[in-house]
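**Student:** Next comes the structure file protein_34.txt, holding compact mmCIF, C-alpha atoms.
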```txt
# COMPACT_ATOMS: atom_id res chain seq x y z
CA MET J 1 64.04 27.24 15.62
CA GLY J 2 66.30 24.33 16.38
CA ASN J 3 69.50 23.75 14.49
CA THR J 4 69.95 20.04 14.94
CA VAL J 5 69.77 17.79 11.90
CA PHE J 6 66.38 16.58 13.11
CA SER J 7 64.95 20.09 13.25
CA LYS J 8 66.13 20.60 9.68
CA ILE J 9 64.53 17.32 8.61
CA LEU J 10 61.30 18.31 10.39
CA ARG J 11 61.32 21.61 8.45
CA LYS J 12 62.00 19.63 5.24
CA GLU J 13 65.21 21.58 4.71
CA ILE J 14 67.21 18.40 4.29
CA PRO J 15 65.98 15.05 3.00
CA ALA J 16 65.47 11.87 4.99
CA ASP J 17 63.96 8.45 4.43
CA ILE J 18 60.76 9.19 6.36
CA VAL J 19 58.58 6.16 7.14
CA HIS J 20 55.93 7.81 9.33
CA GLU J 21 54.56 11.29 10.02
CA ASP J 22 51.81 12.43 12.35
CA GLU J 23 50.94 15.55 14.31
CA LEU J 24 53.35 14.75 17.13
CA CYS J 25 56.30 12.95 15.57
CA ILE J 26 58.07 11.60 12.55
CA ALA J 27 60.03 8.40 12.01
CA LEU J 28 62.84 7.84 9.57
CA ARG J 29 65.56 5.36 8.73
CA ASP J 30 68.89 5.93 10.51
CA ILE J 31 71.59 6.86 8.00
CA ASN J 32 74.07 4.64 9.89
CA PRO J 33 71.93 1.56 10.49
CA GLN J 34 73.10 -0.85 13.17
CA ALA J 35 70.58 -3.56 12.29
CA PRO J 36 68.57 -4.60 9.20
CA THR J 37 65.81 -2.32 10.50
CA HIS J 38 67.00 0.80 12.33
CA LEU J 39 64.50 3.62 12.66
CA LEU J 40 64.47 6.86 14.64
CA ILE J 41 61.22 8.14 16.11
CA ILE J 42 61.43 11.87 16.73
CA PRO J 43 58.95 14.26 18.37
CA ARG J 44 58.22 17.46 16.47
CA GLN J 45 58.60 19.33 19.76
CA GLU J 46 62.19 20.39 20.33
CA ILE J 47 63.29 18.56 23.47
CA ALA J 48 67.03 18.00 23.88
CA GLY J 49 66.69 14.58 25.46
CA ILE J 50 65.09 12.69 28.32
CA ASP J 51 66.63 15.05 30.87
CA GLY J 52 64.77 17.86 29.08
CA ILE J 53 61.28 16.38 29.28
CA GLU J 54 58.68 17.97 31.54
CA ASP J 55 56.18 15.90 33.51
CA ALA J 56 53.52 17.23 31.12
CA ASP J 57 55.35 15.61 28.19
CA ALA J 58 54.54 12.09 29.41
CA ALA J 59 51.77 11.50 26.85
CA LEU J 60 54.01 12.76 24.05
CA VAL J 61 56.89 10.49 25.09
CA GLY J 62 54.47 7.58 25.36
CA HIS J 63 53.16 8.34 21.89
CA LEU J 64 56.64 7.72 20.49
CA PHE J 65 56.37 4.15 21.80
CA VAL J 66 52.86 3.68 20.42
CA VAL J 67 54.30 4.67 17.04
CA ALA J 68 57.25 2.30 17.59
CA ARG J 69 54.78 -0.54 18.26
CA ASP J 70 52.89 0.26 15.06
CA LEU J 71 56.02 0.57 12.92
CA ALA J 72 57.38 -2.71 14.28
CA ARG J 73 54.11 -4.42 13.33
CA LYS J 74 54.12 -2.79 9.90
CA LEU J 75 57.64 -4.10 9.32
CA GLY J 76 56.80 -7.58 10.60
CA LEU J 77 59.02 -7.37 13.69
CA GLU J 78 56.37 -7.99 16.35
CA GLU J 79 57.06 -11.75 16.36
CA SER J 80 60.86 -11.76 16.03
CA GLY J 81 61.34 -8.83 18.39
CA TYR J 82 63.10 -5.49 18.50
CA ARG J 83 64.97 -3.16 20.86
CA LEU J 84 64.08 0.45 21.66
CA VAL J 85 66.86 2.73 22.87
CA ILE J 86 67.10 6.34 24.05
CA ASN J 87 70.58 7.75 24.58
CA THR J 88 71.09 10.62 26.99
CA GLY J 89 74.38 12.49 27.18
CA ALA J 90 78.01 11.59 26.58
CA ASP J 91 78.24 8.19 28.29
CA ALA J 92 75.43 6.94 26.06
CA GLY J 93 76.91 8.49 22.93
CA GLN J 94 74.03 10.88 22.27
CA THR J 95 75.06 12.83 19.17
CA VAL J 96 71.91 14.76 18.24
CA PHE J 97 70.40 16.81 21.03
CA HIS J 98 66.83 16.41 19.94
CA LEU J 99 65.02 13.55 21.68
CA HIS J 100 64.76 10.38 19.57
CA VAL J 101 63.96 6.71 20.07
CA HIS J 102 66.04 4.14 18.18
CA LEU J 103 64.14 1.05 16.98
CA LEU J 104 66.45 -1.82 16.02
CA GLY J 105 65.32 -5.18 14.68
CA GLY J 106 65.91 -7.87 12.12
CA ARG J 107 68.84 -9.51 13.91
CA THR J 108 69.70 -10.93 17.31
CA LEU J 109 70.59 -8.07 19.65
CA THR J 110 73.18 -8.98 22.28
CA TRP J 111 73.38 -8.14 25.98
CA PRO J 112 74.58 -5.83 27.45
CA PRO J 113 73.10 -3.18 25.18
CA GLY J 114 76.45 -1.48 24.53
CA MET V 1 47.29 -12.11 38.69
CA GLY V 2 50.52 -12.21 36.75
CA ASN V 3 53.11 -14.85 37.42
CA THR V 4 56.21 -13.08 36.20
CA VAL V 5 58.93 -12.23 38.68
CA PHE V 6 57.90 -8.58 38.42
CA SER V 7 54.30 -9.32 39.36
CA LYS V 8 55.60 -11.20 42.39
CA ILE V 9 57.84 -8.28 43.32
CA LEU V 10 54.91 -5.87 42.87
CA ARG V 11 52.85 -8.03 45.25
CA LYS V 12 55.81 -8.05 47.69
CA GLU V 13 55.92 -11.85 47.51
CA ILE V 14 59.63 -11.80 46.70
CA PRO V 15 62.17 -9.18 47.71
CA ALA V 16 63.89 -6.67 45.46
CA ASP V 17 66.14 -3.66 45.85
CA ILE V 18 63.39 -1.12 45.21
CA VAL V 19 64.57 2.46 44.64
CA HIS V 20 61.24 4.10 43.72
CA GLU V 21 57.54 3.46 44.12
CA ASP V 22 54.54 5.49 43.03
CA GLU V 23 50.94 4.81 42.03
CA LEU V 24 51.86 3.78 38.50
CA CYS V 25 55.24 2.08 38.69
CA ILE V 26 58.15 0.84 40.72
CA ALA V 27 61.89 0.92 40.02
CA LEU V 28 64.47 -1.52 41.31
CA ARG V 29 68.07 -2.53 40.79
CA ASP V 30 68.64 -5.26 38.17
CA ILE V 31 69.97 -8.42 39.84
CA ASN V 32 72.38 -8.89 36.89
CA PRO V 33 73.66 -5.35 36.48
CA GLN V 34 75.36 -4.52 33.17
CA ALA V 35 76.65 -1.12 34.32
CA PRO V 36 77.51 0.54 37.65
CA THR V 37 73.92 1.76 37.71
CA HIS V 38 71.35 -0.58 36.20
CA LEU V 39 67.74 -0.02 37.17
CA LEU V 40 64.45 -1.43 35.90
CA ILE V 41 61.37 0.78 35.79
CA ILE V 42 58.22 -1.34 35.79
CA PRO V 43 54.56 -0.32 35.47
CA ARG V 44 52.20 -1.83 38.04
CA GLN V 45 49.81 -2.58 35.17
CA GLU V 46 50.49 -5.99 33.69
CA ILE V 47 51.51 -5.34 30.09
CA ALA V 48 53.64 -8.02 28.43
CA GLY V 49 55.76 -5.58 26.47
CA ILE V 50 55.64 -2.74 23.97
CA ASP V 51 53.63 -4.86 21.53
CA GLY V 52 51.01 -5.18 24.27
CA ILE V 53 50.48 -1.48 24.96
CA GLU V 54 47.22 0.17 23.95
CA ASP V 55 47.08 3.69 22.54
CA ALA V 56 45.48 4.74 25.84
CA ASP V 57 48.61 3.60 27.71
CA ALA V 58 50.72 6.42 26.22
CA ALA V 59 50.68 8.55 29.37
CA LEU V 60 51.61 5.53 31.49
CA VAL V 61 54.52 4.61 29.21
CA GLY V 62 55.67 8.23 29.21
CA HIS V 63 55.51 8.27 32.99
CA LEU V 64 58.14 5.52 33.09
CA PHE V 65 60.51 7.93 31.33
CA VAL V 66 59.64 10.82 33.65
CA VAL V 67 60.60 8.50 36.50
CA ALA V 68 63.78 7.49 34.64
CA ARG V 69 64.69 11.17 34.30
CA ASP V 70 64.15 11.72 38.02
CA LEU V 71 66.08 8.63 39.09
CA ALA V 72 68.98 9.55 36.81
CA ARG V 73 69.10 12.99 38.44
CA LYS V 74 68.87 11.48 41.91
CA LEU V 75 71.81 9.21 41.10
CA GLY V 76 73.85 12.03 39.56
CA LEU V 77 73.77 10.65 36.02
CA GLU V 78 72.16 13.61 34.28
CA GLU V 79 75.55 15.12 33.40
CA SER V 80 77.49 11.96 32.49
CA GLY V 81 74.60 10.38 30.65
CA TYR V 82 72.67 7.13 30.57
CA ARG V 83 70.92 4.73 28.20
CA LEU V 84 67.28 3.62 28.37
CA VAL V 85 66.36 0.31 26.74
CA ILE V 86 63.15 -1.64 26.21
CA ASN V 87 63.50 -5.18 24.86
CA THR V 88 60.63 -6.74 22.96
CA GLY V 89 60.62 -10.42 22.05
CA ALA V 90 63.28 -13.01 21.31
CA ASP V 91 65.64 -11.03 19.05
CA ALA V 92 66.01 -8.43 21.78
CA GLY V 93 66.45 -11.03 24.51
CA GLN V 94 63.33 -10.11 26.47
CA THR V 95 63.20 -12.56 29.36
CA VAL V 96 60.41 -11.21 31.57
CA PHE V 97 57.13 -10.62 29.81
CA HIS V 98 56.08 -7.67 31.89
CA LEU V 99 57.00 -4.32 30.35
CA HIS V 100 60.15 -2.73 31.83
CA VAL V 101 62.60 0.01 30.97
CA HIS V 102 66.29 -0.60 31.63
CA LEU V 103 68.29 2.42 32.81
CA LEU V 104 72.06 1.94 32.46
CA GLY V 105 74.69 4.48 33.48
CA GLY V 106 78.00 5.03 35.21
CA ARG V 107 80.17 3.84 32.33
CA THR V 108 80.67 4.51 28.63
CA LEU V 109 78.01 2.62 26.67
CA THR V 110 79.18 1.47 23.25
CA TRP V 111 77.40 1.50 19.88
CA PRO V 112 75.63 -0.48 18.54
CA PRO V 113 73.46 -1.13 21.58
CA GLY V 114 73.88 -4.89 21.43
```
As a first step, turn the structure in this file into structure tokens.
**Tutor:**
Amino acid sequence: MGNTVFSKILRKEIPADIVHEDELCIALRDINPQAPTHLLIIPRQEIAGIDGIEDADAALVGHLFVVARDLARKLGLEESGYRLVINTGADAGQTVFHLHVHLLGGRTLTWPPG
Amino acid sequence: MGNTVFSKILRKEIPADIVHEDELCIALRDINPQAPTHLLIIPRQEIAGIDGIEDADAALVGHLFVVARDLARKLGLEESGYRLVINTGADAGQTVFHLHVHLLGGRTLTWPPG
């Protein structure tokens, strides 16, 4: 059993503002939002990050983006746009070592992306 | 046939600094790098962006991240870290309407991601 905050949320041990749940993943609102919409899409499978994925996880990783597409549409962001971000390791500021996709939208996002 | 710059690169009509090629995707160096390492991972299939993926594309989208993982390892970024970004639409500054994953590494990446 994982001990990251996301594992605890997945086990419903701590609360979160969950906006989507399916067999493979959940999505919730980031508690430190960096944009009017800032969601995290998290696989149920405990994978530390992109460096921890196996080739056989490709369909699972892709599913996270299918869910991102659907959530963006549900929230009316498909026209205005949105940014999807995965942080890996220290240089990217990864703080929770359970794979997650950030979805940010509702404002202009500048370049470079950090 | 697509008319984006990436379609032209895929057809070898215009040159690019290609660092990876397989049956499903290519990867190349961004011509306007925003970090010491800045790659683009691009599916051969013409998909305008995340809003254009079909559910059946999940394995293909996931494959782009498997390739990102491998390229990051090849470039020695798996310890220091890296950020993966997909821009969708105007708010995110998407400029080429052919799906692509940015891989940025080799420096500290700040938060928020743009």
**Student:** Show which residues sit within 7 Å of range 47-60 of chain J, as a tab-separated table (two decimals) with C-alpha atoms, keeping the file's coordinate frame. Count all atoms listed in the file, and ignore same-chain residues fewer than 5 positions away.
**Tutor:**
```tsv
chain	number	residue	atom	x	y	z
J	88	THR	CA	71.09	10.62	26.99
J	97	PHE	CA	70.40	16.81	21.03
J	98	HIS	CA	66.83	16.41	19.94
J	99	LEU	CA	65.02	13.55	21.68
V	58	ALA	CA	50.72	6.42	26.22
V	59	ALA	CA	50.68	8.55	29.37
V	62	GLY	CA	55.67	8.23	29.21
V	63	HIS	CA	55.51	8.27	32.99
V	66	VAL	CA	59.64	10.82	33.65
V	69	ARG	CA	64.69	11.17	34.30
V	78	GLU	CA	72.16	13.61	34.28
```
**Student:** Once chain J is fitted onto chain V by least squares over all its in-order Cα atoms, send the moved chain as a PDB file with C-alpha atoms, keeping the file's coordinate frame.
**Tutor:**
```pdb
ATOM      1  CA  MET J   1      47.266 -12.083  38.698  1.00  0.00           C
ATOM      2  CA  GLY J   2      50.490 -12.202  36.762  1.00  0.00           C
ATOM      3  CA  ASN J   3      53.101 -14.832  37.407  1.00  0.00           C
ATOM      4  CA  THR J   4      56.207 -13.087  36.194  1.00  0.00           C
ATOM      5  CA  VAL J   5      58.926 -12.239  38.689  1.00  0.00           C
ATOM      6  CA  PHE J   6      57.903  -8.592  38.426  1.00  0.00           C
ATOM      7  CA  SER J   7      54.302  -9.322  39.364  1.00  0.00           C
ATOM      8  CA  LYS J   8      55.585 -11.193  42.406  1.00  0.00           C
ATOM      9  CA  ILE J   9      57.838  -8.274  43.336  1.00  0.00           C
ATOM     10  CA  LEU J  10      54.912  -5.863  42.876  1.00  0.00           C
ATOM     11  CA  ARG J  11      52.839  -8.029  45.256  1.00  0.00           C
ATOM     12  CA  LYS J  12      55.804  -8.062  47.685  1.00  0.00           C
ATOM     13  CA  GLU J  13      55.919 -11.849  47.502  1.00  0.00           C
ATOM     14  CA  ILE J  14      59.613 -11.815  46.701  1.00  0.00           C
ATOM     15  CA  PRO J  15      62.171  -9.198  47.706  1.00  0.00           C
ATOM     16  CA  ALA J  16      63.895  -6.689  45.456  1.00  0.00           C
ATOM     17  CA  ASP J  17      66.144  -3.677  45.857  1.00  0.00           C
ATOM     18  CA  ILE J  18      63.390  -1.128  45.204  1.00  0.00           C
ATOM     19  CA  VAL J  19      64.573   2.453  44.638  1.00  0.00           C
ATOM     20  CA  HIS J  20      61.256   4.099  43.727  1.00  0.00           C
ATOM     21  CA  GLU J  21      57.533   3.432  44.129  1.00  0.00           C
ATOM     22  CA  ASP J  22      54.541   5.464  43.030  1.00  0.00           C
ATOM     23  CA  GLU J  23      50.950   4.809  42.027  1.00  0.00           C
ATOM     24  CA  LEU J  24      51.866   3.771  38.494  1.00  0.00           C
ATOM     25  CA  CYS J  25      55.250   2.072  38.696  1.00  0.00           C
ATOM     26  CA  ILE J  26      58.162   0.836  40.712  1.00  0.00           C
ATOM     27  CA  ALA J  27      61.892   0.893  40.032  1.00  0.00           C
ATOM     28  CA  LEU J  28      64.473  -1.526  41.316  1.00  0.00           C
ATOM     29  CA  ARG J  29      68.074  -2.537  40.800  1.00  0.00           C
ATOM     30  CA  ASP J  30      68.642  -5.261  38.184  1.00  0.00           C
ATOM     31  CA  ILE J  31      69.975  -8.419  39.830  1.00  0.00           C
ATOM     32  CA  ASN J  32      72.382  -8.898  36.892  1.00  0.00           C
ATOM     33  CA  PRO J  33      73.682  -5.354  36.472  1.00  0.00           C
ATOM     34  CA  GLN J  34      75.364  -4.520  33.180  1.00  0.00           C
ATOM     35  CA  ALA J  35      76.649  -1.127  34.325  1.00  0.00           C
ATOM     36  CA  PRO J  36      77.515   0.545  37.660  1.00  0.00           C
ATOM     37  CA  THR J  37      73.912   1.779  37.725  1.00  0.00           C
ATOM     38  CA  HIS J  38      71.352  -0.584  36.189  1.00  0.00           C
ATOM     39  CA  LEU J  39      67.741  -0.028  37.169  1.00  0.00           C
ATOM     40  CA  LEU J  40      64.448  -1.432  35.901  1.00  0.00           C
ATOM     41  CA  ILE J  41      61.374   0.781  35.787  1.00  0.00           C
ATOM     42  CA  ILE J  42      58.228  -1.327  35.797  1.00  0.00           C
ATOM     43  CA  PRO J  43      54.563  -0.322  35.475  1.00  0.00           C
ATOM     44  CA  ARG J  44      52.198  -1.813  38.038  1.00  0.00           C
ATOM     45  CA  GLN J  45      49.808  -2.572  35.180  1.00  0.00           C
ATOM     46  CA  GLU J  46      50.484  -5.989  33.695  1.00  0.00           C
ATOM     47  CA  ILE J  47      51.512  -5.334  30.099  1.00  0.00           C
ATOM     48  CA  ALA J  48      53.636  -8.014  28.431  1.00  0.00           C
ATOM     49  CA  GLY J  49      55.767  -5.584  26.467  1.00  0.00           C
ATOM     50  CA  ILE J  50      55.637  -2.738  23.978  1.00  0.00           C
ATOM     51  CA  ASP J  51      53.637  -4.844  21.527  1.00  0.00           C
ATOM     52  CA  GLY J  52      51.014  -5.177  24.278  1.00  0.00           C
ATOM     53  CA  ILE J  53      50.485  -1.477  24.940  1.00  0.00           C
ATOM     54  CA  GLU J  54      47.219   0.173  23.937  1.00  0.00           C
ATOM     55  CA  ASP J  55      47.086   3.698  22.532  1.00  0.00           C
ATOM     56  CA  ALA J  56      45.479   4.725  25.837  1.00  0.00           C
ATOM     57  CA  ASP J  57      48.613   3.603  27.702  1.00  0.00           C
ATOM     58  CA  ALA J  58      50.715   6.409  26.205  1.00  0.00           C
ATOM     59  CA  ALA J  59      50.680   8.549  29.367  1.00  0.00           C
ATOM     60  CA  LEU J  60      51.614   5.536  31.486  1.00  0.00           C
ATOM     61  CA  VAL J  61      54.523   4.608  29.205  1.00  0.00           C
ATOM     62  CA  GLY J  62      55.655   8.229  29.211  1.00  0.00           C
ATOM     63  CA  HIS J  63      55.506   8.275  32.994  1.00  0.00           C
ATOM     64  CA  LEU J  64      58.128   5.524  33.085  1.00  0.00           C
ATOM     65  CA  PHE J  65      60.502   7.932  31.324  1.00  0.00           C
ATOM     66  CA  VAL J  66      59.639  10.818  33.642  1.00  0.00           C
ATOM     67  CA  VAL J  67      60.593   8.505  36.509  1.00  0.00           C
ATOM     68  CA  ALA J  68      63.773   7.489  34.644  1.00  0.00           C
ATOM     69  CA  ARG J  69      64.697  11.183  34.306  1.00  0.00           C
ATOM     70  CA  ASP J  70      64.151  11.729  38.028  1.00  0.00           C
ATOM     71  CA  LEU J  71      66.080   8.624  39.083  1.00  0.00           C
ATOM     72  CA  ALA J  72      68.983   9.549  36.809  1.00  0.00           C
ATOM     73  CA  ARG J  73      69.113  12.994  38.432  1.00  0.00           C
ATOM     74  CA  LYS J  74      68.873  11.491  41.912  1.00  0.00           C
ATOM     75  CA  LEU J  75      71.819   9.229  41.105  1.00  0.00           C
ATOM     76  CA  GLY J  76      73.855  12.048  39.569  1.00  0.00           C
ATOM     77  CA  LEU J  77      73.769  10.660  36.021  1.00  0.00           C
ATOM     78  CA  GLU J  78      72.159  13.633  34.275  1.00  0.00           C
ATOM     79  CA  GLU J  79      75.561  15.132  33.387  1.00  0.00           C
ATOM     80  CA  SER J  80      77.499  11.972  32.487  1.00  0.00           C
ATOM     81  CA  GLY J  81      74.585  10.387  30.649  1.00  0.00           C
ATOM     82  CA  TYR J  82      72.664   7.136  30.573  1.00  0.00           C
ATOM     83  CA  ARG J  83      70.908   4.743  28.189  1.00  0.00           C
ATOM     84  CA  LEU J  84      67.274   3.632  28.359  1.00  0.00           C
ATOM     85  CA  VAL J  85      66.361   0.321  26.749  1.00  0.00           C
ATOM     86  CA  ILE J  86      63.150  -1.648  26.206  1.00  0.00           C
ATOM     87  CA  ASN J  87      63.500  -5.174  24.855  1.00  0.00           C
ATOM     88  CA  THR J  88      60.633  -6.742  22.950  1.00  0.00           C
ATOM     89  CA  GLY J  89      60.623 -10.424  22.057  1.00  0.00           C
ATOM     90  CA  ALA J  90      63.293 -13.004  21.306  1.00  0.00           C
ATOM     91  CA  ASP J  91      65.641 -11.028  19.043  1.00  0.00           C
ATOM     92  CA  ALA J  92      66.021  -8.436  21.794  1.00  0.00           C
ATOM     93  CA  GLY J  93      66.458 -11.045  24.513  1.00  0.00           C
ATOM     94  CA  GLN J  94      63.330 -10.116  26.461  1.00  0.00           C
ATOM     95  CA  THR J  95      63.214 -12.571  29.366  1.00  0.00           C
ATOM     96  CA  VAL J  96      60.419 -11.216  31.570  1.00  0.00           C
ATOM     97  CA  PHE J  97      57.132 -10.617  29.809  1.00  0.00           C
ATOM     98  CA  HIS J  98      56.090  -7.669  31.888  1.00  0.00           C
ATOM     99  CA  LEU J  99      57.008  -4.316  30.339  1.00  0.00           C
ATOM    100  CA  HIS J 100      60.144  -2.735  31.832  1.00  0.00           C
ATOM    101  CA  VAL J 101      62.603   0.019  30.977  1.00  0.00           C
ATOM    102  CA  HIS J 102      66.303  -0.604  31.627  1.00  0.00           C
ATOM    103  CA  LEU J 103      68.298   2.433  32.807  1.00  0.00           C
ATOM    104  CA  LEU J 104      72.059   1.950  32.465  1.00  0.00           C
ATOM    105  CA  GLY J 105      74.689   4.481  33.483  1.00  0.00           C
ATOM    106  CA  GLY J 106      77.984   5.025  35.210  1.00  0.00           C
ATOM    107  CA  ARG J 107      80.164   3.842  32.324  1.00  0.00           C
ATOM    108  CA  THR J 108      80.659   4.513  28.634  1.00  0.00           C
ATOM    109  CA  LEU J 109      78.005   2.627  26.672  1.00  0.00           C
ATOM    110  CA  THR J 110      79.159   1.470  23.239  1.00  0.00           C
ATOM    111  CA  TRP J 111      77.393   1.494  19.875  1.00  0.00           C
ATOM    112  CA  PRO J 112      75.614  -0.496  18.529  1.00  0.00           C
ATOM    113  CA  PRO J 113      73.457  -1.137  21.579  1.00  0.00           C
ATOM    114  CA  GLY J 114      73.882  -4.922  21.420  1.00  0.00           C
TER     115      GLY J 114
END
```
**Student:** Mind giving me the straight-line distance from CA of Gly105 in chain V to CA of Ala35 in chain V in Å, one decimal?
**Tutor:**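 Separation of CA of Gly105 in chain V and CA of Ala35 in chain V: 6.0 Å.
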**Student:** Write out as a ChimeraX atom specification every residue belonging to chain V that has an atom at most 6 Å from any atom of chain J, counting all atoms listed in the file.
**Tutor:** /V:34,51,58-59,61-63,69,80-92,108-114
**Student:** Using only C-alpha atoms for the distances, tell me which of J:His100, J:Leu75, J:Glu23, J:Val5 is nearest to Leu40 in chain J.
**Tutor:**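 Closest residue, counting only C-alpha atoms: J:His100.
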**Student:** For Ile42 in chain J, which of J:Val96, J:Ile14, J:Leu71, J:Phe6 is the closest residue, counting only C-alpha atoms?
**Tutor:** J:Phe6
**Student:** Report, in Å to a single decimal, how far apart CA of His38 in chain V and CA of Thr4 in chain V are.
**Tutor:**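 Between CA of Thr4 in chain V and CA of His38 in chain V the gap works out to 19.6 Å.
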**Student:** Under the rule that all atoms listed in the file are counted, which of V:Lys74, V:Leu39, V:Gln45, V:Leu28 is the nearest residue to Pro15 in chain V?
**Tutor:**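 When distances to Pro15 in chain V are compared using all atoms listed in the file, the smallest one comes from V:Leu28.
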**Student:** Using the file's own x, y and z axes, what box holds all listed atoms of range 58-69 of chain V with 5 Å on each side, keeping edges along x, y and z, and what are its centre and edge lengths in Å to one decimal, as lines of an AutoDock Vina configuration file?
**Tutor:**
```
center_x = 57.7
center_y = 7.9
center_z = 31.4
size_x = 24.0
size_y = 16.6
size_z = 20.3
```
**Student:** Working from the structure I just supplied, which lacks atoms in range 65-72 of chain J, can you model all heavy atoms there and output them as a PDB file, keeping the file's coordinate frame?
**Tutor:**
```
ATOM      1  N   PHE J  65      56.325   5.609  21.656  1.00  0.00           N
ATOM      2  CA  PHE J  65      56.370   4.150  21.800  1.00  0.00           C
ATOM      3  C   PHE J  65      55.146   3.483  21.167  1.00  0.00           C
ATOM      4  O   PHE J  65      55.239   2.353  20.685  1.00  0.00           O
ATOM      5  CB  PHE J  65      56.560   3.784  23.273  1.00  0.00           C
ATOM      6  CG  PHE J  65      57.945   4.132  23.741  1.00  0.00           C
ATOM      7  CD1 PHE J  65      58.225   5.390  24.260  1.00  0.00           C
ATOM      8  CD2 PHE J  65      58.991   3.249  23.577  1.00  0.00           C
ATOM      9  CE1 PHE J  65      59.516   5.749  24.628  1.00  0.00           C
ATOM     10  CE2 PHE J  65      60.280   3.591  23.944  1.00  0.00           C
ATOM     11  CZ  PHE J  65      60.545   4.848  24.470  1.00  0.00           C
ATOM     12  N   VAL J  66      54.019   4.177  21.160  1.00  0.00           N
ATOM     13  CA  VAL J  66      52.860   3.680  20.420  1.00  0.00           C
ATOM     14  C   VAL J  66      53.209   3.616  18.925  1.00  0.00           C
ATOM     15  O   VAL J  66      52.901   2.639  18.230  1.00  0.00           O
ATOM     16  CB  VAL J  66      51.627   4.578  20.670  1.00  0.00           C
ATOM     17  CG1 VAL J  66      50.494   4.235  19.705  1.00  0.00           C
ATOM     18  CG2 VAL J  66      51.170   4.436  22.120  1.00  0.00           C
ATOM     19  N   VAL J  67      53.882   4.653  18.448  1.00  0.00           N
ATOM     20  CA  VAL J  67      54.300   4.670  17.040  1.00  0.00           C
ATOM     21  C   VAL J  67      55.345   3.576  16.793  1.00  0.00           C
ATOM     22  O   VAL J  67      55.309   2.888  15.761  1.00  0.00           O
ATOM     23  CB  VAL J  67      54.841   6.067  16.655  1.00  0.00           C
ATOM     24  CG1 VAL J  67      55.528   6.048  15.296  1.00  0.00           C
ATOM     25  CG2 VAL J  67      53.696   7.080  16.663  1.00  0.00           C
ATOM     26  N   ALA J  68      56.255   3.376  17.726  1.00  0.00           N
ATOM     27  CA  ALA J  68      57.250   2.300  17.590  1.00  0.00           C
ATOM     28  C   ALA J  68      56.549   0.948  17.475  1.00  0.00           C
ATOM     29  O   ALA J  68      56.898   0.126  16.608  1.00  0.00           O
ATOM     30  CB  ALA J  68      58.193   2.301  18.793  1.00  0.00           C
ATOM     31  N   ARG J  69      55.568   0.702  18.331  1.00  0.00           N
ATOM     32  CA  ARG J  69      54.780  -0.540  18.260  1.00  0.00           C
ATOM     33  C   ARG J  69      54.167  -0.722  16.881  1.00  0.00           C
ATOM     34  O   ARG J  69      54.259  -1.797  16.277  1.00  0.00           O
ATOM     35  CB  ARG J  69      53.672  -0.479  19.333  1.00  0.00           C
ATOM     36  CG  ARG J  69      52.693  -1.625  19.323  1.00  0.00           C
ATOM     37  CD  ARG J  69      51.368  -1.227  19.976  1.00  0.00           C
ATOM     38  NE  ARG J  69      50.681  -0.222  19.159  1.00  0.00           N
ATOM     39  CZ  ARG J  69      49.587   0.434  19.513  1.00  0.00           C
ATOM     40  NH1 ARG J  69      49.043   0.212  20.706  1.00  0.00           N
ATOM     41  NH2 ARG J  69      49.021   1.309  18.715  1.00  0.00           N
ATOM     42  N   ASP J  70      53.552   0.350  16.365  1.00  0.00           N
ATOM     43  CA  ASP J  70      52.890   0.260  15.060  1.00  0.00           C
ATOM     44  C   ASP J  70      53.886   0.046  13.930  1.00  0.00           C
ATOM     45  O   ASP J  70      53.630  -0.730  13.009  1.00  0.00           O
ATOM     46  CB  ASP J  70      52.077   1.540  14.805  1.00  0.00           C
ATOM     47  CG  ASP J  70      50.846   1.619  15.677  1.00  0.00           C
ATOM     48  OD1 ASP J  70      50.453   0.586  16.266  1.00  0.00           O
ATOM     49  OD2 ASP J  70      50.274   2.724  15.776  1.00  0.00           O
ATOM     50  N   LEU J  71      55.010   0.740  13.978  1.00  0.00           N
ATOM     51  CA  LEU J  71      56.020   0.570  12.920  1.00  0.00           C
ATOM     52  C   LEU J  71      56.602  -0.835  12.957  1.00  0.00           C
ATOM     53  O   LEU J  71      56.826  -1.448  11.914  1.00  0.00           O
ATOM     54  CB  LEU J  71      57.118   1.632  13.064  1.00  0.00           C
ATOM     55  CG  LEU J  71      56.689   3.054  12.692  1.00  0.00           C
ATOM     56  CD1 LEU J  71      57.752   4.065  13.115  1.00  0.00           C
ATOM     57  CD2 LEU J  71      56.438   3.165  11.179  1.00  0.00           C
ATOM     58  N   ALA J  72      56.852  -1.352  14.158  1.00  0.00           N
ATOM     59  CA  ALA J  72      57.380  -2.710  14.280  1.00  0.00           C
ATOM     60  C   ALA J  72      56.400  -3.714  13.674  1.00  0.00           C
ATOM     61  O   ALA J  72      56.800  -4.643  12.958  1.00  0.00           O
ATOM     62  CB  ALA J  72      57.663  -3.044  15.741  1.00  0.00           C
TER      63      ALA J  72
END
```
